[in-house]
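To be precise, the following lines are target_19.csv, and they hold CSV, C-alpha atoms.
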```
chain,number,residue,atom,x,y,z
A,1024,LEU,CA,-125.7,71.6,44.5
A,1025,GLN,CA,-124.0,71.8,47.9
A,1026,THR,CA,-121.6,74.7,47.6
A,1027,VAL,CA,-123.9,77.2,45.8
A,1028,LEU,CA,-127.5,76.0,46.3
A,1029,GLY,CA,-126.8,74.9,49.9
A,1030,LEU,CA,-128.3,71.4,49.6
A,1031,SER,CA,-127.2,68.7,52.0
A,1032,ALA,CA,-125.2,65.8,50.7
A,1033,LEU,CA,-128.3,63.6,50.9
A,1034,HIS,CA,-130.5,66.1,49.1
A,1035,ALA,CA,-127.8,66.6,46.4
A,1036,ALA,CA,-127.7,62.9,45.8
A,1037,LEU,CA,-131.5,62.7,45.5
A,1038,VAL,CA,-131.4,65.1,42.5
A,1039,GLY,CA,-129.9,62.3,40.4
A,1040,LEU,CA,-132.2,59.6,41.8
A,1041,PRO,CA,-135.0,59.8,39.1
A,1042,GLY,CA,-132.4,59.6,36.4
A,1043,SER,CA,-130.7,56.5,38.0
A,1044,LEU,CA,-134.1,54.8,38.3
A,1045,LEU,CA,-135.0,55.5,34.7
A,1046,SER,CA,-131.6,54.3,33.5
A,1047,GLY,CA,-132.3,51.0,35.1
A,1048,ILE,CA,-135.7,50.8,33.5
A,1049,VAL,CA,-134.6,51.9,30.0
A,1050,ALA,CA,-131.4,49.7,29.9
A,1051,PRO,CA,-133.3,46.3,29.5
A,1052,PHE,CA,-135.6,47.9,26.9
A,1053,ALA,CA,-132.6,49.2,25.0
A,1054,GLY,CA,-131.0,45.7,25.2
A,1055,ARG,CA,-134.1,44.0,23.7
A,1056,LEU,CA,-134.3,46.7,21.0
A,1057,SER,CA,-130.7,46.0,20.0
A,1058,ASP,CA,-131.8,42.5,19.2
A,1059,ARG,CA,-134.1,43.9,16.5
A,1060,VAL,CA,-132.2,46.8,15.0
A,1061,PRO,CA,-128.5,47.6,14.6
A,1062,ALA,CA,-127.2,48.6,17.9
A,1063,LYS,CA,-125.3,51.6,16.4
A,1064,TRP,CA,-128.6,53.5,16.1
A,1065,ILE,CA,-129.4,52.9,19.8
A,1066,VAL,CA,-126.0,54.0,20.9
A,1067,ALA,CA,-126.2,57.1,18.7
A,1068,THR,CA,-129.6,57.9,20.3
A,1069,GLY,CA,-128.0,57.7,23.7
A,1070,PHE,CA,-125.2,60.0,22.7
A,1071,ALA,CA,-127.6,62.4,21.1
A,1072,ILE,CA,-129.8,62.5,24.3
A,1073,LEU,CA,-126.7,63.2,26.4
A,1074,VAL,CA,-125.4,65.9,24.1
A,1075,VAL,CA,-128.8,67.7,24.5
A,1076,VAL,CA,-129.1,67.1,28.2
A,1077,VAL,CA,-125.6,68.3,29.2
A,1078,THR,CA,-126.0,71.4,27.0
A,1079,TRP,CA,-129.3,72.0,28.8
A,1080,LEU,CA,-127.6,71.6,32.1
A,1081,SER,CA,-124.8,74.1,31.2
A,1082,LEU,CA,-127.5,76.7,30.4
A,1083,VAL,CA,-129.6,76.3,33.5
A,1084,ILE,CA,-126.9,76.2,36.1
A,1085,GLU,CA,-127.3,79.5,37.9
A,1086,PRO,CA,-126.7,80.5,41.5
A,1087,ASP,CA,-130.5,81.1,42.0
A,1088,ALA,CA,-131.6,78.0,40.0
A,1089,ALA,CA,-134.6,76.0,41.4
A,1090,VAL,CA,-133.8,72.4,42.2
A,1091,TRP,CA,-136.5,71.1,39.9
A,1092,GLU,CA,-134.7,72.9,37.0
A,1093,LEU,CA,-131.8,70.5,37.6
A,1094,VAL,CA,-133.8,67.4,38.4
A,1095,LEU,CA,-135.6,67.5,35.0
A,1096,PRO,CA,-132.5,67.4,32.8
A,1097,MET,CA,-130.8,64.9,35.2
A,1098,THR,CA,-133.9,62.6,34.7
A,1099,PHE,CA,-133.4,62.7,30.9
A,1100,PHE,CA,-129.7,62.1,31.5
A,1101,GLY,CA,-130.7,58.7,33.0
A,1102,ILE,CA,-132.6,57.9,29.8
A,1103,GLY,CA,-129.6,58.7,27.7
A,1104,THR,CA,-127.2,56.5,29.7
A,1105,GLY,CA,-129.8,53.7,29.6
A,1106,PHE,CA,-129.7,53.8,25.8
A,1107,LEU,CA,-126.0,54.1,25.7
A,1108,PHE,CA,-124.0,51.8,27.9
A,1109,SER,CA,-125.4,48.3,27.5
A,1110,PRO,CA,-125.8,48.5,23.7
A,1111,LEU,CA,-122.3,50.0,23.4
A,1112,ALA,CA,-120.7,47.2,25.3
A,1113,SER,CA,-122.5,44.6,23.1
A,1114,THR,CA,-121.6,46.5,19.9
A,1115,ALA,CA,-117.9,46.5,20.8
A,1116,THR,CA,-117.8,42.7,20.5
A,1117,ALA,CA,-120.7,42.1,18.0
A,1118,GLY,CA,-118.4,41.3,15.1
A,1119,LEU,CA,-116.1,39.0,17.0
A,1120,ASP,CA,-116.2,35.2,17.2
A,1121,HIS,CA,-115.8,33.2,20.4
A,1122,ARG,CA,-112.0,33.1,20.1
A,1123,THR,CA,-111.6,36.9,20.1
A,1124,ALA,CA,-114.7,38.1,22.0
A,1125,GLY,CA,-112.9,38.0,25.4
A,1126,ALA,CA,-110.0,40.0,24.1
A,1127,GLY,CA,-112.4,42.5,22.5
A,1128,ALA,CA,-114.3,42.9,25.7
A,1129,GLY,CA,-111.1,43.4,27.6
A,1130,ALA,CA,-109.9,46.1,25.2
A,1131,PHE,CA,-113.3,47.8,25.4
A,1132,ASN,CA,-113.2,47.9,29.2
A,1133,THR,CA,-109.6,49.0,29.3
A,1134,ASN,CA,-110.3,51.9,27.0
A,1135,ARG,CA,-113.4,52.9,29.0
A,1136,GLN,CA,-111.4,53.0,32.2
A,1137,ILE,CA,-108.6,55.0,30.6
A,1138,GLY,CA,-111.1,57.4,29.2
A,1139,GLY,CA,-112.8,57.8,32.6
A,1140,VAL,CA,-109.5,58.7,34.3
A,1141,ILE,CA,-108.4,61.1,31.6
A,1142,GLY,CA,-111.9,62.7,31.3
A,1143,SER,CA,-112.1,63.2,35.1
A,1144,ALA,CA,-108.7,64.8,35.2
A,1145,ALA,CA,-109.5,67.1,32.2
A,1146,VAL,CA,-112.8,68.2,33.8
A,1147,VAL,CA,-111.1,69.1,37.1
A,1148,ALA,CA,-108.3,70.9,35.3
A,1149,LEU,CA,-110.7,72.9,33.2
A,1150,LEU,CA,-112.9,73.7,36.2
A,1151,THR,CA,-110.0,74.9,38.2
A,1152,SER,CA,-108.8,77.1,35.3
A,1153,ARG,CA,-112.3,78.6,34.8
A,1154,LEU,CA,-112.8,79.3,38.5
A,1155,SER,CA,-109.6,81.4,38.5
A,1156,VAL,CA,-111.1,83.6,35.8
A,1157,ALA,CA,-114.9,83.5,36.4
A,1158,ILE,CA,-114.9,84.3,40.1
A,1159,PRO,CA,-112.6,87.4,39.9
A,1160,GLY,CA,-114.6,88.5,36.8
A,1161,ALA,CA,-117.9,88.2,38.7
A,1162,ILE,CA,-116.5,90.1,41.6
A,1163,GLN,CA,-115.2,92.9,39.3
A,1164,ASP,CA,-118.7,93.1,37.8
A,1165,ALA,CA,-120.3,93.3,41.2
A,1166,ALA,CA,-117.9,96.0,42.3
A,1167,ALA,CA,-118.3,98.2,39.2
A,1168,GLY,CA,-121.6,99.7,40.3
A,1169,LEU,CA,-120.5,100.5,43.9
A,1170,PRO,CA,-119.2,103.7,45.3
A,1171,ALA,CA,-115.4,103.9,45.6
A,1172,THR,CA,-115.3,103.1,49.3
A,1173,GLU,CA,-117.6,100.1,49.1
A,1174,ARG,CA,-115.8,98.9,46.0
A,1175,LYS,CA,-112.5,99.0,47.8
A,1176,ARG,CA,-113.9,97.1,50.7
A,1177,LEU,CA,-115.4,94.4,48.5
A,1178,LEU,CA,-112.2,93.9,46.6
A,1179,ASP,CA,-110.1,93.9,49.8
A,1180,GLY,CA,-112.5,91.2,51.1
A,1181,PHE,CA,-112.0,89.2,48.0
A,1182,ALA,CA,-108.2,89.5,48.3
A,1183,ASP,CA,-108.3,88.3,52.0
A,1184,ALA,CA,-110.8,85.4,51.4
A,1185,ASP,CA,-109.6,81.8,51.1
A,1186,LEU,CA,-111.6,80.8,48.0
A,1187,SER,CA,-110.0,77.3,48.0
A,1188,SER,CA,-112.0,76.5,51.1
A,1189,PHE,CA,-115.1,77.8,49.5
A,1190,ALA,CA,-114.6,75.5,46.5
A,1191,THR,CA,-114.7,72.5,48.9
A,1192,GLY,CA,-117.8,73.7,50.7
A,1193,GLY,CA,-116.2,76.0,53.2
A,1194,SER,CA,-117.7,79.3,54.4
A,1195,ALA,CA,-114.6,81.6,54.2
A,1196,VAL,CA,-116.6,84.3,52.3
A,1197,LYS,CA,-118.8,86.3,54.8
A,1198,ASN,CA,-119.7,89.4,52.9
A,1199,PRO,CA,-123.1,88.8,51.3
A,1200,LEU,CA,-122.4,90.8,48.1
A,1201,LEU,CA,-119.1,89.0,47.8
A,1202,LEU,CA,-120.7,85.7,48.4
A,1203,ASP,CA,-123.3,86.3,45.7
A,1204,ALA,CA,-120.5,87.2,43.2
A,1205,VAL,CA,-118.5,84.1,44.1
A,1206,HIS,CA,-121.7,82.0,43.6
A,1207,ALA,CA,-122.2,83.6,40.2
A,1208,GLY,CA,-118.6,83.0,39.1
A,1209,PHE,CA,-118.7,79.4,40.4
A,1210,SER,CA,-121.9,78.7,38.5
A,1211,THR,CA,-120.4,80.2,35.3
A,1212,ALA,CA,-117.3,78.1,35.6
A,1213,VAL,CA,-119.3,74.9,36.1
A,1214,GLY,CA,-121.5,75.7,33.0
A,1215,GLN,CA,-118.4,76.4,30.9
A,1216,THR,CA,-116.7,73.2,32.1
A,1217,LEU,CA,-119.7,71.1,31.0
A,1218,LEU,CA,-119.2,72.3,27.5
A,1219,LEU,CA,-116.0,70.1,27.4
A,1220,THR,CA,-118.3,67.1,28.2
A,1221,VAL,CA,-120.7,68.2,25.4
A,1222,ALA,CA,-117.8,68.2,23.0
A,1223,MET,CA,-116.6,64.7,24.0
A,1224,LEU,CA,-120.2,63.3,23.8
A,1225,ALA,CA,-120.5,64.9,20.3
A,1226,VAL,CA,-117.3,63.0,19.3
A,1227,GLY,CA,-118.9,59.8,20.6
A,1228,LEU,CA,-122.1,60.6,18.6
A,1229,VAL,CA,-120.1,61.0,15.4
A,1230,ALA,CA,-118.1,57.8,16.2
A,1231,SER,CA,-121.2,55.8,16.8
A,1232,LEU,CA,-122.7,57.0,13.5
A,1233,SER,CA,-119.6,55.9,11.7
A,1234,MET,CA,-119.8,52.3,13.0
A,1235,LYS,CA,-121.0,49.5,10.7
A,1236,ALA,CA,-124.7,48.7,11.1
A,1237,LEU,CA,-124.3,45.0,11.9
A,1238,ARG,CA,-127.4,43.0,11.7
A,1239,PRO,CA,-128.5,41.7,15.1
A,1240,GLN,CA,-127.5,38.0,15.4
A,1241,HIS,CA,-129.2,35.6,17.8
A,1242,HIS,CA,-127.3,32.8,19.5
A,1243,GLY,CA,-129.3,30.2,17.5
A,1244,GLU,CA,-128.4,31.8,14.2
A,1245,ALA,CA,-124.7,32.0,15.2
A,1246,ALA,CA,-124.7,28.2,15.9
A,1247,LYS,CA,-126.1,27.2,12.5
A,1248,PRO,CA,-122.9,27.6,10.5
A,1249,GLU,CA,-121.0,25.5,13.1
A,1250,VAL,CA,-123.7,22.8,13.0
A,1251,ALA,CA,-123.6,22.8,9.2
A,1252,ALA,CA,-119.9,22.5,9.1
A,1253,VAL,CA,-119.9,19.5,11.4
A,1254,ALA,CA,-122.7,17.8,9.4
A,1255,HIS,CA,-120.7,18.4,6.2
```

Here is a file; write its structure as structure tokens.
Amino acid sequence: LQTVLGLSALHAALVGLPGSLLSGIVAPFAGRLSDRVPAKWIVATGFAILVVVVTWLSLVIEPDAAVWELVLPMTFFGIGTGFLFSPLASTATAGLDHRTAGAGAGAFNTNRQIGGVIGSAAVVALLTSRLSVAIPGAIQDAAAGLPATERKRLLDGFADADLSSFATGGSAVKNPLLLDAVHAGFSTAVGQTLLLTVAMLAVGLVASLSMKALRPQHHGEAAKPEVAAVAH
């Protein structure tokens, strides 16, 4: 959003605003729905939405993409997270009694934090790897149709450019043709990296579908066996 499309930090943040608002609206609805149907189906719906949305994003990320083309899938991304996170947290402890619920919630949060750290590291590592392949490939493609002199000038400009500063928002690349090629390579690398996220979300979808469909239990219902035992 900032490096390729040239948005400011504020405008880049606003791209995700509709999705964040929808996530807050959908989450209470998903929580109430999980009181009526097994939460696994709500969690699976959230995972399925995210698989579709992130795949969609990987396809529309282009150096000349219009901002609305990214706002639209990011809006649906918020719907997916609204269906996913709250029901998933409650499902993790749904089959536990009051003696083990705390330990179950702790195990769930620990695994979530570990997954976030490992996932972030994996995304950065894959993006770095794809950038080292996609950007040179895009530049070679751009140079292929040029006369020999201009091709040499373009490739020399690429060899002299500090692409690491570009990746962090710098402006080391001055040649317009070279800059277009770098934008194309950068966008390609980001789209390919998103496929790792799609794969992990698909694993989550399969895992959610394999969970037991526990019947929603209200607090009053959970207390009846204890009251009956005391009366007996």

>> Would you compute the distance between CA of Val1140 (chain A) and CA of Leu1219 (chain A)? Give it in Å to one decimal.
In response: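 Value for the CA of Val1140 (chain A)-CA of Leu1219 (chain A) distance: 14.8 Å.
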
>> So that I can see what lies close to Val1221 (chain A), please list as a PyMOL selection string the residues with an atom at most 9 Å from it, counting all atoms listed in the file and leaving out residues fewer than 4 positions away in the same chain.
In response: chain A and resi 1073-1078+1217+1225-1226

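Taking all atoms listed in the file, the non-local environment of Leu1218 (chain A) within 10 Å (same-chain residues fewer than 4 positions away omitted) comprises A:Val1074, A:Val1077, A:Thr1078, A:Leu1080, A:Ser1081, A:Leu1082, A:Val1146, A:Val1213, A:Gly1214, A:Ala1222, A:Met1223, A:Leu1224.
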
Please write the residues from the selection above to a file, keeping C-alpha atoms, as a PDB file, keeping the file's coordinate frame.
```
ATOM      1  CA  VAL A1074    -125.400  65.900  24.100  1.00  0.00           C
ATOM      2  CA  VAL A1077    -125.600  68.300  29.200  1.00  0.00           C
ATOM      3  CA  THR A1078    -126.000  71.400  27.000  1.00  0.00           C
ATOM      4  CA  LEU A1080    -127.600  71.600  32.100  1.00  0.00           C
ATOM      5  CA  SER A1081    -124.800  74.100  31.200  1.00  0.00           C
ATOM      6  CA  LEU A1082    -127.500  76.700  30.400  1.00  0.00           C
ATOM      7  CA  VAL A1146    -112.800  68.200  33.800  1.00  0.00           C
ATOM      8  CA  VAL A1213    -119.300  74.900  36.100  1.00  0.00           C
ATOM      9  CA  GLY A1214    -121.500  75.700  33.000  1.00  0.00           C
ATOM     10  CA  ALA A1222    -117.800  68.200  23.000  1.00  0.00           C
ATOM     11  CA  MET A1223    -116.600  64.700  24.000  1.00  0.00           C
ATOM     12  CA  LEU A1224    -120.200  63.300  23.800  1.00  0.00           C
TER      13      LEU A1224
END
```

> Within 12 Å of Val1147 (chain A), counting only C-alpha atoms, which residues qualify if same-chain residues fewer than 2 places away don't, as a PyMOL selection string?
Replying inline: chain A and resi 1140-1145+1149-1154+1190+1212-1213+1216-1217+1219-1220

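Excluding Gly1039 (chain A) itself and same-chain residues fewer than 3 positions from it, the residues having an atom within 12 Å of it are Leu1024, Ala1032, Leu1033, His1034, Ala1035, Ala1036, Gly1042, Ser1043, Leu1044, Leu1045, Ser1046, Val1090, Trp1091, Leu1093, Val1094, Leu1095, Pro1096, Met1097, Thr1098, Phe1099, Phe1100, Gly1101 and Ile1102 of chain A, counting all atoms listed in the file.
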
>> I'd like the contact shell of region 1204-1210 of chain A - 10 Å cut-off, all atoms listed in the file, skipping same-chain residues fewer than 6 positions apart - returned as number ranges by chain.
In response: A: 1026-1028, 1081, 1083-1088, 1150, 1153-1166, 1181, 1186, 1189-1190, 1196, 1198, 1216

> Pick from A:Ala1067, A:Ile1137, A:Ala1050, A:Leu1056: nearest to Met1234 (chain A), with all atoms listed in the file counted?
Replying inline: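 That would be A:Ala1067, the residue with the smallest distance to Met1234 (chain A).
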
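Relative to CA of Ser1109 (chain A), CA of Asn1132 (chain A) is found at 12.3 Å.
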
> Do you have the CA of Leu1178 (chain A)-CA of Pro1199 (chain A) distance handy?
Replying inline: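 If I compute the distance from CA of Leu1178 (chain A) to CA of Pro1199 (chain A), I get 12.9 Å.
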